[in-house]
Structure formats: C-alpha cells, structure tokens
Amino acid sequence: MDTLIPFDSLESETLHNILVEVVTREGTDYGNYDLSLEQKCQQAQLMLKSQQAFLVFDTESETIKLISRDQMSQYERD
C-alpha cells in the first residue's frame, strides 16, 4: 500500500531534494515548455501547497511520486 507523505512536515531542504528527484525523473512531462530545474521545483511545490498534487511513497518501486488530485481520488477509492 502506498503512503501519503505530508509535504509540510518535511524540512525545506528535504522537500527540495525530493522535488529535484521527482522533476528530473525520466518520463516527467512538462509539455512544450522549457523550464529550469528551479522553476519545475517551484511549480511542483505550488501544486502541493494548493492541494493540486500530493507526494506518495510507492512501496512497490520504493520511490516517491508526485500525483495529481485526480490520481489521489483514485488512491482513496482503491
């Protein structure tokens, strides 16, 4: 079972390091935009703060994922 990570309980450096890992992971899609690493991290953090996205620890892959609100709703149903 995956575990929700309350981002606001993380140290700022820890959160930043997690976001860097997530946004630089192969397969992360930002559409037609060329964003810097810092912009990607800031965008992800804003999504977390507005509850448009959530951090989840995936126990199967042992990685942290950034999931959308819609994906979170599916987690809650499963």
# chains A, B, ... in the order shown; residues from 1 in each chain; ligands from 1
call {"tool": "residues_around", "arguments": {"residues": "Ile18 (chain A)", "least_positions_apart": "5", "cutoff": "9 Å", "atoms": "only C-alpha atoms", "output": "ChimeraX atom specification"}}
result
/A:13,23,64
call {"tool": "residues_around", "arguments": {"residues": "Asp58 (chain A)", "least_positions_apart": "2", "cutoff": "12 Å", "atoms": "only C-alpha atoms", "output": "JSON, numbers by chain"}}
result
{"A": [1, 2, 3, 4, 5, 55, 56, 60, 61, 62, 63, 64, 65, 66, 67, 75]}
call {"tool": "write_last_selection", "arguments": {"atoms": "C-alpha atoms", "output": "short mmCIF file (atom, residue, chain, number, x, y, z; two decimals), in the first residue's frame"}}
result
data_model
loop_
_atom_site.label_atom_id
_atom_site.label_comp_id
_atom_site.auth_asym_id
_atom_site.auth_seq_id
_atom_site.Cartn_x
_atom_site.Cartn_y
_atom_site.Cartn_z
CA MET A 1 0.00 0.00 0.00
CA ASP A 2 1.29 3.45 -0.92
CA THR A 3 1.79 6.05 1.77
CA LEU A 4 0.85 9.73 1.59
CA ILE A 5 3.72 12.00 2.61
CA LEU A 55 3.57 13.24 -2.56
CA VAL A 56 3.15 9.48 -2.24
CA GLU A 60 6.37 -1.37 -4.89
CA SER A 61 9.01 0.75 -6.65
CA GLU A 62 10.31 2.29 -3.40
CA THR A 63 10.16 5.76 -4.94
CA ILE A 64 8.31 8.96 -4.16
CA LYS A 65 5.76 10.08 -6.73
CA LEU A 66 4.03 13.39 -7.28
CA ILE A 67 0.43 12.58 -8.13
CA TYR A 75 -5.97 6.02 -4.44
#
call {"tool": "closest_residue", "arguments": {"among": "A:Asp70, A:Arg25, A:Val20, A:Ser50", "to": "Leu37 (chain A)", "atoms": "only C-alpha atoms"}}
result
A:Val20
call {"tool": "atom_distance", "arguments": {"atom1": "CA of Cys41 (chain A)", "atom2": "CA of His16 (chain A)"}}
result
7.2 Å
call {"tool": "atom_distance", "arguments": {"atom1": "CA of Lys49 (chain A)", "atom2": "CA of Asp8 (chain A)"}}
result
8.4 Å
